[in-house]
$ cat query.cif   # mmCIF, C-alpha atoms
data_data
loop_
_atom_site.label_atom_id
_atom_site.label_comp_id
_atom_site.auth_asym_id
_atom_site.auth_seq_id
_atom_site.Cartn_x
_atom_site.Cartn_y
_atom_site.Cartn_z
CA MET A 21 197.16 111.33 86.05
CA GLU A 22 198.31 110.01 82.70
CA LYS A 23 195.95 110.78 79.83
CA SER A 24 195.65 107.06 79.13
CA ASP A 25 194.18 106.58 82.62
CA GLN A 26 191.28 108.86 81.72
CA TYR A 27 190.13 106.62 78.91
CA LEU A 28 186.85 104.97 79.62
CA VAL A 29 186.03 101.67 78.08
CA SER A 30 182.71 102.50 76.49
CA THR A 31 181.69 98.87 76.23
CA GLU A 32 181.94 98.55 80.00
CA MET A 33 179.73 101.60 80.38
CA ILE A 34 177.20 100.05 78.00
CA ASP A 35 177.19 96.78 79.97
CA PHE A 36 176.72 98.74 83.21
CA THR A 37 173.69 100.71 81.94
CA ARG A 38 172.13 97.62 80.34
CA SER A 39 172.33 95.90 83.69
CA ILE A 40 170.50 98.79 85.38
CA ASP A 41 167.98 99.02 82.55
CA THR A 42 167.04 95.38 83.10
CA HIS A 43 165.76 96.36 86.55
CA PHE A 44 163.79 99.31 85.18
CA VAL A 45 162.14 97.06 82.60
CA ALA A 46 161.29 94.51 85.30
CA ALA A 47 159.85 97.25 87.55
CA ILE A 48 157.68 98.55 84.69
CA ALA A 49 156.40 95.01 84.04
CA ASP A 50 155.57 94.61 87.76
CA ILE A 51 153.63 97.89 87.84
CA ARG A 52 151.68 96.90 84.73
CA GLN A 53 150.84 93.58 86.37
CA ILE A 54 149.68 95.36 89.53
CA THR A 55 147.50 97.63 87.37
CA LEU A 56 145.87 94.64 85.65
CA ILE A 57 145.13 92.95 88.98
CA LEU A 58 143.77 96.18 90.46
CA ASP A 59 141.58 96.81 87.40
CA GLU A 60 140.02 93.37 87.70
CA ALA A 61 139.58 93.63 91.47
CA VAL A 62 138.00 97.08 91.23
CA SER A 63 135.65 95.95 88.50
CA LYS A 64 134.47 93.10 90.76
CA LEU A 65 134.19 95.42 93.76
CA HIS A 66 132.08 97.85 91.73
CA ASN A 67 129.81 95.11 90.44
CA SER A 68 129.32 93.75 93.97
CA PHE A 69 128.70 97.23 95.32
CA PHE A 70 125.98 97.97 92.77
CA LEU A 71 124.43 94.51 93.19
CA ILE A 72 124.19 94.96 96.97
CA ASN A 73 122.83 98.49 96.59
CA ASN A 74 120.23 97.44 94.02
CA SER A 75 119.11 94.57 96.28
CA LEU A 76 118.79 96.96 99.21
CA GLU A 77 116.79 99.42 97.13
CA ALA A 78 114.51 96.66 95.83
CA ASN A 79 113.85 95.43 99.36
CA ARG A 80 113.46 98.83 101.00
CA GLY A 81 110.83 98.50 103.70
CA ASN A 82 111.26 94.75 104.04
CA LEU A 83 114.61 94.86 105.72
CA GLY A 84 113.42 95.02 109.31
CA ASP A 85 116.18 96.43 111.50
CA LEU A 86 118.44 96.71 108.48
CA ASP A 87 116.98 100.01 107.31
CA ILE A 88 118.63 101.47 104.21
CA ASP A 89 118.91 104.86 105.90
CA VAL A 90 121.14 103.25 108.51
CA LEU A 91 123.32 101.89 105.72
CA THR A 92 123.56 105.17 103.78
CA PRO A 93 126.65 106.49 105.63
CA SER A 94 128.42 103.19 104.93
CA LEU A 95 127.43 103.36 101.25
CA ASN A 96 128.78 106.92 101.07
CA THR A 97 132.05 105.83 102.67
CA ALA A 98 132.28 103.00 100.13
CA VAL A 99 131.72 105.46 97.25
CA THR A 100 134.54 107.68 98.52
CA ALA A 101 136.88 104.74 99.17
CA LEU A 102 136.23 103.12 95.78
CA GLN A 103 137.70 106.22 94.14
CA PHE A 104 141.12 104.91 95.22
CA HIS A 105 141.34 103.25 91.81
CA ASP A 106 141.30 106.57 89.97
CA LEU A 107 144.08 107.92 92.21
CA THR A 108 146.26 104.79 92.12
CA SER A 109 145.82 104.44 88.34
CA GLN A 110 147.15 107.97 87.86
CA LEU A 111 150.06 107.33 90.20
CA SER A 112 151.02 104.02 88.57
CA SER A 113 150.79 105.63 85.14
CA ARG A 114 153.15 108.38 86.29
CA LEU A 115 155.50 105.81 87.76
CA VAL A 116 155.62 103.85 84.49
CA ASN A 117 156.27 107.06 82.52
CA ARG A 118 159.04 108.04 84.90
CA LEU A 119 160.73 104.63 84.72
CA ASP A 120 160.30 104.63 80.93
CA GLY A 121 162.00 108.02 80.86
CA MET A 122 164.89 106.79 83.00
CA SER A 123 165.22 103.74 80.80
CA GLU A 124 165.45 106.05 77.78
CA ILE A 125 168.17 108.01 79.51
CA LEU A 126 170.16 104.83 79.93
CA GLU A 127 169.84 104.17 76.21
CA CYS A 128 172.02 107.22 75.68
CA THR A 129 175.03 104.94 75.87
CA GLN A 130 174.28 104.10 72.23
CA TYR A 131 175.77 107.52 71.47
CA LEU A 132 179.12 106.36 72.79
CA SER A 133 181.38 105.34 69.98
CA GLY A 134 183.22 102.62 71.85
CA ASP A 135 186.38 104.29 70.60
CA LYS A 136 189.31 104.19 73.00
CA SER A 137 190.03 107.81 72.14
CA GLU A 138 186.81 108.81 73.92
CA THR A 139 187.90 110.19 77.26
CA LEU A 140 185.90 110.16 80.46
CA VAL A 141 185.21 113.86 79.97
CA ASP A 142 183.88 113.24 76.44
CA VAL A 143 181.63 110.44 77.63
CA LEU A 144 180.25 112.41 80.58
CA ALA A 145 179.52 115.37 78.30
CA ILE A 146 177.52 113.14 75.96
CA LEU A 147 175.64 111.49 78.82
CA ASN A 148 174.95 114.80 80.54
CA ALA A 149 173.47 116.32 77.38
CA ARG A 150 171.14 113.33 76.97
CA VAL A 151 170.08 113.38 80.63
CA LEU A 152 169.25 117.10 80.45
CA GLU A 153 167.21 116.57 77.29
CA HIS A 154 165.23 113.72 78.85
CA ASN A 155 164.78 115.62 82.10
CA ASP A 156 163.02 118.37 80.15
CA ASN A 157 160.76 115.82 78.48
CA LEU A 158 159.93 114.21 81.84
CA HIS A 159 159.12 117.56 83.45
CA LYS A 160 156.74 118.34 80.58
CA LYS A 161 154.98 115.01 81.19
CA PHE A 162 154.59 115.66 84.91
CA ASN A 163 153.15 119.13 85.01
CA GLN A 164 150.14 117.77 86.87
CA SER A 165 150.16 117.07 90.59
CA LEU A 166 148.61 114.36 92.74
CA ASN A 167 149.39 114.90 96.40
CA GLN A 168 146.60 113.01 98.13
CA GLN A 169 147.93 111.14 101.15
CA HIS A 170 144.63 109.67 102.35
CA MET A 171 141.13 108.74 101.20
CA GLU A 172 139.21 111.44 103.08
CA SER A 173 137.12 113.61 100.77
CA GLY A 174 138.95 116.57 99.24
CA ASP A 175 138.38 120.33 99.52
CA VAL A 176 135.49 122.10 97.83
CA GLU A 177 135.81 125.69 96.67
CA LEU A 178 133.20 127.72 94.82
CA PHE A 179 134.52 130.73 92.88
CA MET B 18 114.84 117.12 86.25
CA ILE B 19 118.33 118.59 86.51
CA THR B 20 120.71 117.17 83.93
CA VAL B 21 124.42 116.76 84.63
CA LEU B 22 127.23 116.00 82.20
CA ALA B 23 129.99 114.02 83.98
CA VAL B 24 133.31 114.05 82.11
CA ASP B 25 136.13 111.83 83.36
CA ASP B 26 138.47 109.34 81.68
CA SER B 27 138.19 106.98 84.66
CA ARG B 28 135.22 104.66 84.21
CA SER B 29 135.16 103.75 87.89
CA LEU B 30 135.09 107.41 88.91
CA ARG B 31 132.25 108.13 86.47
CA GLN B 32 130.31 105.22 87.93
CA MET B 33 130.66 106.71 91.40
CA VAL B 34 129.54 110.15 90.18
CA VAL B 35 126.55 108.66 88.37
CA PHE B 36 125.62 106.56 91.39
CA SER B 37 125.80 109.55 93.74
CA LEU B 38 123.91 112.03 91.59
CA LYS B 39 121.26 109.58 90.39
CA SER B 40 120.47 108.73 93.99
CA ALA B 41 119.69 112.44 94.47
CA GLY B 42 117.37 112.48 91.48
CA TYR B 43 119.65 113.97 88.84
CA GLN B 44 119.86 112.71 85.28
CA VAL B 45 123.51 112.07 84.42
CA VAL B 46 125.18 111.60 81.05
CA GLU B 47 128.78 110.37 80.94
CA ALA B 48 131.66 111.44 78.70
CA GLU B 49 135.11 109.85 78.72
CA ASP B 50 137.23 112.90 77.90
CA GLY B 51 137.04 116.54 76.85
CA VAL B 52 136.36 115.80 73.18
CA ASP B 53 133.54 113.41 74.06
CA GLY B 54 132.23 115.92 76.62
CA LEU B 55 132.14 118.73 74.08
CA GLU B 56 130.28 116.51 71.62
CA GLN B 57 127.71 115.52 74.27
CA ALA B 58 127.28 119.16 75.30
CA GLN B 59 126.49 120.11 71.72
CA LYS B 60 123.90 117.32 71.37
CA GLN B 61 122.06 118.27 74.56
CA VAL B 62 122.17 121.33 76.84
CA PHE B 63 123.01 120.32 80.41
CA ASP B 64 122.18 122.22 83.60
CA VAL B 65 125.54 121.42 85.24
CA VAL B 66 128.86 120.16 83.89
CA LEU B 67 131.28 118.24 86.09
CA THR B 68 134.70 117.64 84.60
CA ASP B 69 138.05 116.11 85.45
CA GLN B 70 141.24 118.00 84.51
CA ASN B 71 143.80 115.44 83.31
CA MET B 72 142.28 113.50 80.44
CA PRO B 73 143.53 112.27 77.05
CA ARG B 74 142.66 114.18 73.85
CA MET B 75 141.28 117.25 75.66
CA ASP B 76 141.79 118.28 79.29
CA GLY B 77 139.25 119.89 81.59
CA LEU B 78 140.49 123.47 81.26
CA THR B 79 140.33 123.30 77.46
CA LEU B 80 136.86 121.78 77.68
CA ILE B 81 135.70 124.66 79.88
CA GLU B 82 137.14 127.25 77.48
CA ASN B 83 135.38 125.53 74.57
CA LEU B 84 132.09 125.31 76.46
CA ARG B 85 132.22 128.96 77.52
CA ALA B 86 132.56 129.90 73.86
CA LEU B 87 129.17 128.29 73.18
CA PRO B 88 126.18 130.60 73.80
CA ALA B 89 124.27 127.80 75.58
CA TYR B 90 127.06 127.37 78.17
CA MET B 91 128.07 130.94 78.88
CA LYS B 92 126.40 130.84 82.32
CA THR B 93 126.12 127.11 82.99
CA PRO B 94 127.74 125.99 86.26
CA ILE B 95 130.90 124.04 85.42
CA LEU B 96 132.64 122.26 88.28
CA MET B 97 136.11 120.78 88.17
CA LEU B 98 136.40 117.42 89.94
CA THR B 99 140.07 116.57 89.94
CA THR B 100 143.06 115.27 91.88
CA GLU B 101 144.74 118.64 91.26
CA ALA B 102 144.64 120.75 94.41
CA GLY B 103 147.24 123.45 93.75
CA ASP B 104 146.38 127.16 93.86
CA GLU B 105 147.97 127.74 90.46
CA MET B 106 145.70 125.19 88.77
CA LYS B 107 142.67 126.54 90.61
CA ALA B 108 143.50 130.03 89.34
CA LYS B 109 143.75 128.66 85.80
CA GLY B 110 140.39 126.96 86.26
CA ARG B 111 138.82 130.14 87.49
CA ALA B 112 140.28 132.09 84.56
CA ALA B 113 138.97 129.46 82.12
CA GLY B 114 135.47 129.92 83.53
CA ALA B 115 135.06 127.18 86.14
CA THR B 116 132.36 127.78 88.73
CA GLY B 117 134.01 125.73 91.44
CA TRP B 118 136.73 123.25 92.28
CA LEU B 119 136.29 119.88 93.99
CA VAL B 120 139.30 117.80 94.93
CA LYS B 121 139.08 114.00 94.60
CA PRO B 122 138.11 111.82 96.27
CA PHE B 123 134.63 113.25 96.72
CA ASP B 124 132.06 112.52 99.39
CA PRO B 125 128.68 111.81 97.74
CA GLU B 126 126.70 114.05 100.11
CA ARG B 127 129.08 116.97 99.59
CA LEU B 128 129.01 116.47 95.82
CA ILE B 129 125.20 116.47 95.81
CA ALA B 130 125.13 119.57 98.02
CA VAL B 131 127.51 121.48 95.73
CA VAL B 132 125.74 120.45 92.52
CA ASN B 133 122.42 121.38 94.11
CA LYS B 134 123.76 124.78 95.16
CA VAL B 135 125.20 125.76 91.78
CA ALA B 136 122.23 124.34 89.87
CA ASN B 137 119.78 126.35 91.94
CA LYS B 138 121.87 129.52 91.70
CA SER B 139 121.85 129.37 87.91
#
$ encode --input "query.cif" --output "C-alpha cells"
Amino acid sequence: MEKSDQYLVSTEMIDFTRSIDTHFVAAIADIRQITLILDEAVSKLHNSFFLINNSLEANRGNLGDLDIDVLTPSLNTAVTALQFHDLTSQLSSRLVNRLDGMSEILECTQYLSGDKSETLVDVLAILNARVLEHNDNLHKKFNQSLNQQHMESGDVELF
Amino acid sequence: MITVLAVDDSRSLRQMVVFSLKSAGYQVVEAEDGVDGLEQAQKQVFDVVLTDQNMPRMDGLTLIENLRALPAYMKTPILMLTTEAGDEMKAKGRAAGATGWLVKPFDPERLIAVVNKVANKS
C-alpha cells in the first residue's frame, strides 16, 4: 500500500462522527421526554392512590362488602408496583449518562488536525486514547448496579 | 411511638415508605439525601433509620459511617433500602455498620415486619 493511501481525510471523519452524534443527542432528548411524562404520570398515580386510600379509611365500616381488610393486599401490591418509578428513574439517568459519555467520545474528533499528513495510524491513536480516557470516566460513574428484572419485592437480609 | 428516619432521594419512594410505616403506627420523618438525613438525625434521635444507598451529596454508606460516629446512633438499627443487591455492596454496608439490607422494591408487610423486628431488638 502506498503511504498516500493511508492518509485519512480528517474532515470526513468529523462529518461521520457528527452524523452519529446527532442520533445520540436525539436519543438523550427522547429519554428526557419519557422521564418528564413518567414523572407527571407517577405524580398523578400517587395522588389518586392516596385519595382512594384516604376515602377508604374515612369510610371504614360503611363500605358493606367492600371491607378495607379485603382491599389491603391490593393496596400492598400497588405500593410495591408504584416503586417502579424509582427504578426506572435510575435506569433512565444511567442511560442518559452513558449516551452523554459516548457523545463526548465522538467529540474527540476535534483533536484531529485536519492535516493531510495525519495518517490513519495517527488518527486511530488519538481516538483510542480519548476512548480509553472516557471509558474510565464512564466506569467510575457506573459503579452502582441495578439488576432488577421484575417488580416482585426484593430480598431481605439482617446482619 | 417508634420513630423512623426515611432517607431517599426519590420522593415517590419516600411516600411509599411513609405510607407503609404510618399505617403500622410508626412516626416517620423524611430526608432527601445523606446530608439531609444526618442533619435530621442530629435534630432528633430516631429509633430506626432506613436509608437508600445511591443519593446525591452523601450516599447511604457514608451516612451510616457518620451516624455510627455519633454516640446516640452507635446501637440504633440502620437498614439499607436500595436497588443494590450485590454481595460486595452488602459486605460494605455491613462493615459500615448497617443492621440489615432490603432490596427494592419492598413489600409493605415485609418492611413493617423487618422494622418491627429490629426496633424491638434494640
$ axis_aligned_box --input "query.cif" --around "stretch 43-60 of chain B" --padding-each-side "4 Å" --output "lines of an AutoDock Vina configuration file"
center_x = 128.4
center_y = 115.0
center_z = 80.1
size_x = 25.6
size_y = 18.3
size_z = 25.5
$ atom_distance --input "query.cif" --atom1 "atom CA of A:Gln53" --atom2 "atom CA of A:Val116"
11.5 Å
$ atom_distance --input "query.cif" --atom1 "atom CA of B:Leu22" --atom2 "atom CA of A:Leu102"
20.8 Å
$ closest_residue --input "query.cif" --among "B:Gln59, B:Asn137, B:Thr116, B:Asn83" --to "A:Phe179" --atoms "all atoms listed in the file"
B:Thr116
$ closest_atom_pairs --input "query.cif" --of "chain B" --to "chain A" --cutoff "7 Å" --atoms "all atoms listed in the file" --output "CSV"
residue,atom,partner,partner_atom,distance
B:Ser27,CA,A:Asp106,CA,6.2
B:Leu30,CA,A:Gln103,CA,6.0
B:Met33,CA,A:Val99,CA,6.1
B:Thr100,CA,A:Leu166,CA,5.7
B:Glu101,CA,A:Ser165,CA,5.7
B:Arg111,CA,A:Phe179,CA,6.9
B:Thr116,CA,A:Phe179,CA,5.5
B:Gly117,CA,A:Leu178,CA,4.0
B:Trp118,CA,A:Glu177,CA,5.1
B:Leu119,CA,A:Val176,CA,4.5
B:Val120,CA,A:Gly174,CA,4.5
B:Lys121,CA,A:Gly174,CA,5.3
B:Pro122,CA,A:Ser173,CA,4.9
B:Phe123,CA,A:Ser173,CA,4.8
B:Asp124,CA,A:Ser173,CA,5.4
B:Pro125,CA,A:Asn96,CA,5.9
$ write_last_selection --input "query.cif" --atoms "C-alpha atoms" --output "PDB file, in the coordinates of the input"
ATOM      1  CA  SER B  27     138.190 106.980  84.660  1.00  0.00           C
ATOM      2  CA  LEU B  30     135.090 107.410  88.910  1.00  0.00           C
ATOM      3  CA  MET B  33     130.660 106.710  91.400  1.00  0.00           C
ATOM      4  CA  THR B 100     143.060 115.270  91.880  1.00  0.00           C
ATOM      5  CA  GLU B 101     144.740 118.640  91.260  1.00  0.00           C
ATOM      6  CA  ARG B 111     138.820 130.140  87.490  1.00  0.00           C
ATOM      7  CA  THR B 116     132.360 127.780  88.730  1.00  0.00           C
ATOM      8  CA  GLY B 117     134.010 125.730  91.440  1.00  0.00           C
ATOM      9  CA  TRP B 118     136.730 123.250  92.280  1.00  0.00           C
ATOM     10  CA  LEU B 119     136.290 119.880  93.990  1.00  0.00           C
ATOM     11  CA  VAL B 120     139.300 117.800  94.930  1.00  0.00           C
ATOM     12  CA  LYS B 121     139.080 114.000  94.600  1.00  0.00           C
ATOM     13  CA  PRO B 122     138.110 111.820  96.270  1.00  0.00           C
ATOM     14  CA  PHE B 123     134.630 113.250  96.720  1.00  0.00           C
ATOM     15  CA  ASP B 124     132.060 112.520  99.390  1.00  0.00           C
ATOM     16  CA  PRO B 125     128.680 111.810  97.740  1.00  0.00           C
TER      17      PRO B 125
END
$ closest_residue --input "query.cif" --among "B:Gly42, B:Asp76, B:Ile81, B:Val24" --to "B:Gly54" --atoms "all atoms listed in the file"
B:Val24
$ atom_distance --input "query.cif" --atom1 "atom CA of B:Lys109" --atom2 "atom CA of B:Gln44"
28.7 Å
$ resolve_selection --input "query.cif" --expression "the PyMOL selection byres ((chain A and resi 115) around 12)" --output "list in words"
Phe44, Ala47, Ile48, Ala49, Asp50, Ile51, Arg52, Thr55, Thr108, Ser109, Gln110, Leu111, Ser112, Ser113, Arg114, Val116, Asn117, Arg118, Leu119, Asp120, Gly121, Met122, Leu158, Lys161 and Phe162 of chain A
$ write_last_selection --input "query.cif" --atoms "C-alpha atoms" --output "PDB file, in the frame of the given file"
ATOM      1  CA  PHE A  44     163.790  99.310  85.180  1.00  0.00           C
ATOM      2  CA  ALA A  47     159.850  97.250  87.550  1.00  0.00           C
ATOM      3  CA  ILE A  48     157.680  98.550  84.690  1.00  0.00           C
ATOM      4  CA  ALA A  49     156.400  95.010  84.040  1.00  0.00           C
ATOM      5  CA  ASP A  50     155.570  94.610  87.760  1.00  0.00           C
ATOM      6  CA  ILE A  51     153.630  97.890  87.840  1.00  0.00           C
ATOM      7  CA  ARG A  52     151.680  96.900  84.730  1.00  0.00           C
ATOM      8  CA  THR A  55     147.500  97.630  87.370  1.00  0.00           C
ATOM      9  CA  THR A 108     146.260 104.790  92.120  1.00  0.00           C
ATOM     10  CA  SER A 109     145.820 104.440  88.340  1.00  0.00           C
ATOM     11  CA  GLN A 110     147.150 107.970  87.860  1.00  0.00           C
ATOM     12  CA  LEU A 111     150.060 107.330  90.200  1.00  0.00           C
ATOM     13  CA  SER A 112     151.020 104.020  88.570  1.00  0.00           C
ATOM     14  CA  SER A 113     150.790 105.630  85.140  1.00  0.00           C
ATOM     15  CA  ARG A 114     153.150 108.380  86.290  1.00  0.00           C
ATOM     16  CA  VAL A 116     155.620 103.850  84.490  1.00  0.00           C
ATOM     17  CA  ASN A 117     156.270 107.060  82.520  1.00  0.00           C
ATOM     18  CA  ARG A 118     159.040 108.040  84.900  1.00  0.00           C
ATOM     19  CA  LEU A 119     160.730 104.630  84.720  1.00  0.00           C
ATOM     20  CA  ASP A 120     160.300 104.630  80.930  1.00  0.00           C
ATOM     21  CA  GLY A 121     162.000 108.020  80.860  1.00  0.00           C
ATOM     22  CA  MET A 122     164.890 106.790  83.000  1.00  0.00           C
ATOM     23  CA  LEU A 158     159.930 114.210  81.840  1.00  0.00           C
ATOM     24  CA  LYS A 161     154.980 115.010  81.190  1.00  0.00           C
ATOM     25  CA  PHE A 162     154.590 115.660  84.910  1.00  0.00           C
TER      26      PHE A 162
END
$ resolve_selection --input "query.cif" --expression "the PyMOL selection byres ((chain B and resi 136) around 12)" --output "list in words"
Met18, Ile19, Thr20, Val21, Tyr43, Phe63, Asp64, Val65, Val66, Leu67, Lys92, Thr93, Pro94, Ile95, Leu96, Thr116, Gly117, Leu128, Ile129, Ala130, Val131, Val132, Asn133, Lys134, Val135, Asn137, Lys138 and Ser139 of chain B
$ build_atoms --input "query.cif" --residues "stretch 59-69 of chain A" --atoms "all heavy atoms" --output "short mmCIF file (atom, residue, chain, number, x, y, z; two decimals), keeping the file's coordinate frame"
data_model
loop_
_atom_site.label_atom_id
_atom_site.label_comp_id
_atom_site.auth_asym_id
_atom_site.auth_seq_id
_atom_site.Cartn_x
_atom_site.Cartn_y
_atom_site.Cartn_z
N ASP A 59 142.72 96.55 88.30
CA ASP A 59 141.58 96.81 87.40
C ASP A 59 140.51 95.73 87.56
O ASP A 59 139.32 96.02 87.66
CB ASP A 59 142.04 96.84 85.93
CG ASP A 59 142.78 98.12 85.60
OD1 ASP A 59 142.78 99.04 86.44
OD2 ASP A 59 143.38 98.19 84.51
N GLU A 60 140.97 94.47 87.59
CA GLU A 60 140.02 93.37 87.70
C GLU A 60 139.33 93.39 89.07
O GLU A 60 138.11 93.23 89.18
CB GLU A 60 140.74 92.03 87.49
CG GLU A 60 139.76 90.87 87.41
CD GLU A 60 140.47 89.52 87.29
OE1 GLU A 60 141.63 89.48 86.87
OE2 GLU A 60 139.83 88.51 87.65
N ALA A 61 140.14 93.61 90.11
CA ALA A 61 139.58 93.63 91.47
C ALA A 61 138.57 94.76 91.64
O ALA A 61 137.49 94.56 92.22
CB ALA A 61 140.72 93.78 92.49
N VAL A 62 138.90 95.94 91.10
CA VAL A 62 138.00 97.08 91.23
C VAL A 62 136.71 96.85 90.46
O VAL A 62 135.62 97.20 90.93
CB VAL A 62 138.71 98.38 90.77
CG1 VAL A 62 137.72 99.50 90.54
CG2 VAL A 62 139.73 98.80 91.82
N SER A 63 136.84 96.25 89.29
CA SER A 63 135.65 95.95 88.50
C SER A 63 134.72 95.02 89.29
O SER A 63 133.49 95.24 89.35
CB SER A 63 136.08 95.29 87.18
OG SER A 63 134.96 94.89 86.46
N LYS A 64 135.29 94.02 89.95
CA LYS A 64 134.47 93.10 90.76
C LYS A 64 133.88 93.80 91.98
O LYS A 64 132.72 93.57 92.34
CB LYS A 64 135.32 91.90 91.20
CG LYS A 64 135.61 90.94 90.04
CD LYS A 64 136.45 89.77 90.45
CE LYS A 64 136.62 88.81 89.27
NZ LYS A 64 137.58 87.76 89.54
N LEU A 65 134.68 94.66 92.60
CA LEU A 65 134.19 95.42 93.76
C LEU A 65 133.01 96.30 93.36
O LEU A 65 132.00 96.38 94.07
CB LEU A 65 135.31 96.32 94.31
CG LEU A 65 136.21 95.76 95.40
CD1 LEU A 65 137.34 96.72 95.69
CD2 LEU A 65 135.42 95.49 96.68
N HIS A 66 133.16 96.98 92.21
CA HIS A 66 132.08 97.85 91.73
C HIS A 66 130.81 97.05 91.47
O HIS A 66 129.72 97.46 91.86
CB HIS A 66 132.51 98.58 90.45
CG HIS A 66 133.29 99.82 90.71
ND1 HIS A 66 132.89 101.06 90.25
CD2 HIS A 66 134.41 100.03 91.41
CE1 HIS A 66 133.77 101.96 90.66
NE2 HIS A 66 134.70 101.37 91.35
N ASN A 67 130.98 95.92 90.76
CA ASN A 67 129.81 95.11 90.44
C ASN A 67 129.11 94.65 91.72
O ASN A 67 127.88 94.69 91.82
CB ASN A 67 130.22 93.89 89.61
CG ASN A 67 130.62 94.29 88.21
OD1 ASN A 67 130.28 95.38 87.75
ND2 ASN A 67 131.36 93.43 87.53
N SER A 68 129.90 94.21 92.70
CA SER A 68 129.32 93.75 93.97
C SER A 68 128.63 94.90 94.69
O SER A 68 127.53 94.74 95.24
CB SER A 68 130.41 93.17 94.88
OG SER A 68 131.02 92.09 94.25
N PHE A 69 129.27 96.06 94.66
CA PHE A 69 128.70 97.23 95.32
C PHE A 69 127.32 97.57 94.74
O PHE A 69 126.35 97.77 95.47
CB PHE A 69 129.66 98.43 95.16
CG PHE A 69 129.10 99.74 95.63
CD1 PHE A 69 129.15 100.07 96.99
CD2 PHE A 69 128.52 100.63 94.75
CE1 PHE A 69 128.63 101.27 97.43
CE2 PHE A 69 128.00 101.83 95.20
CZ PHE A 69 128.05 102.15 96.54
#
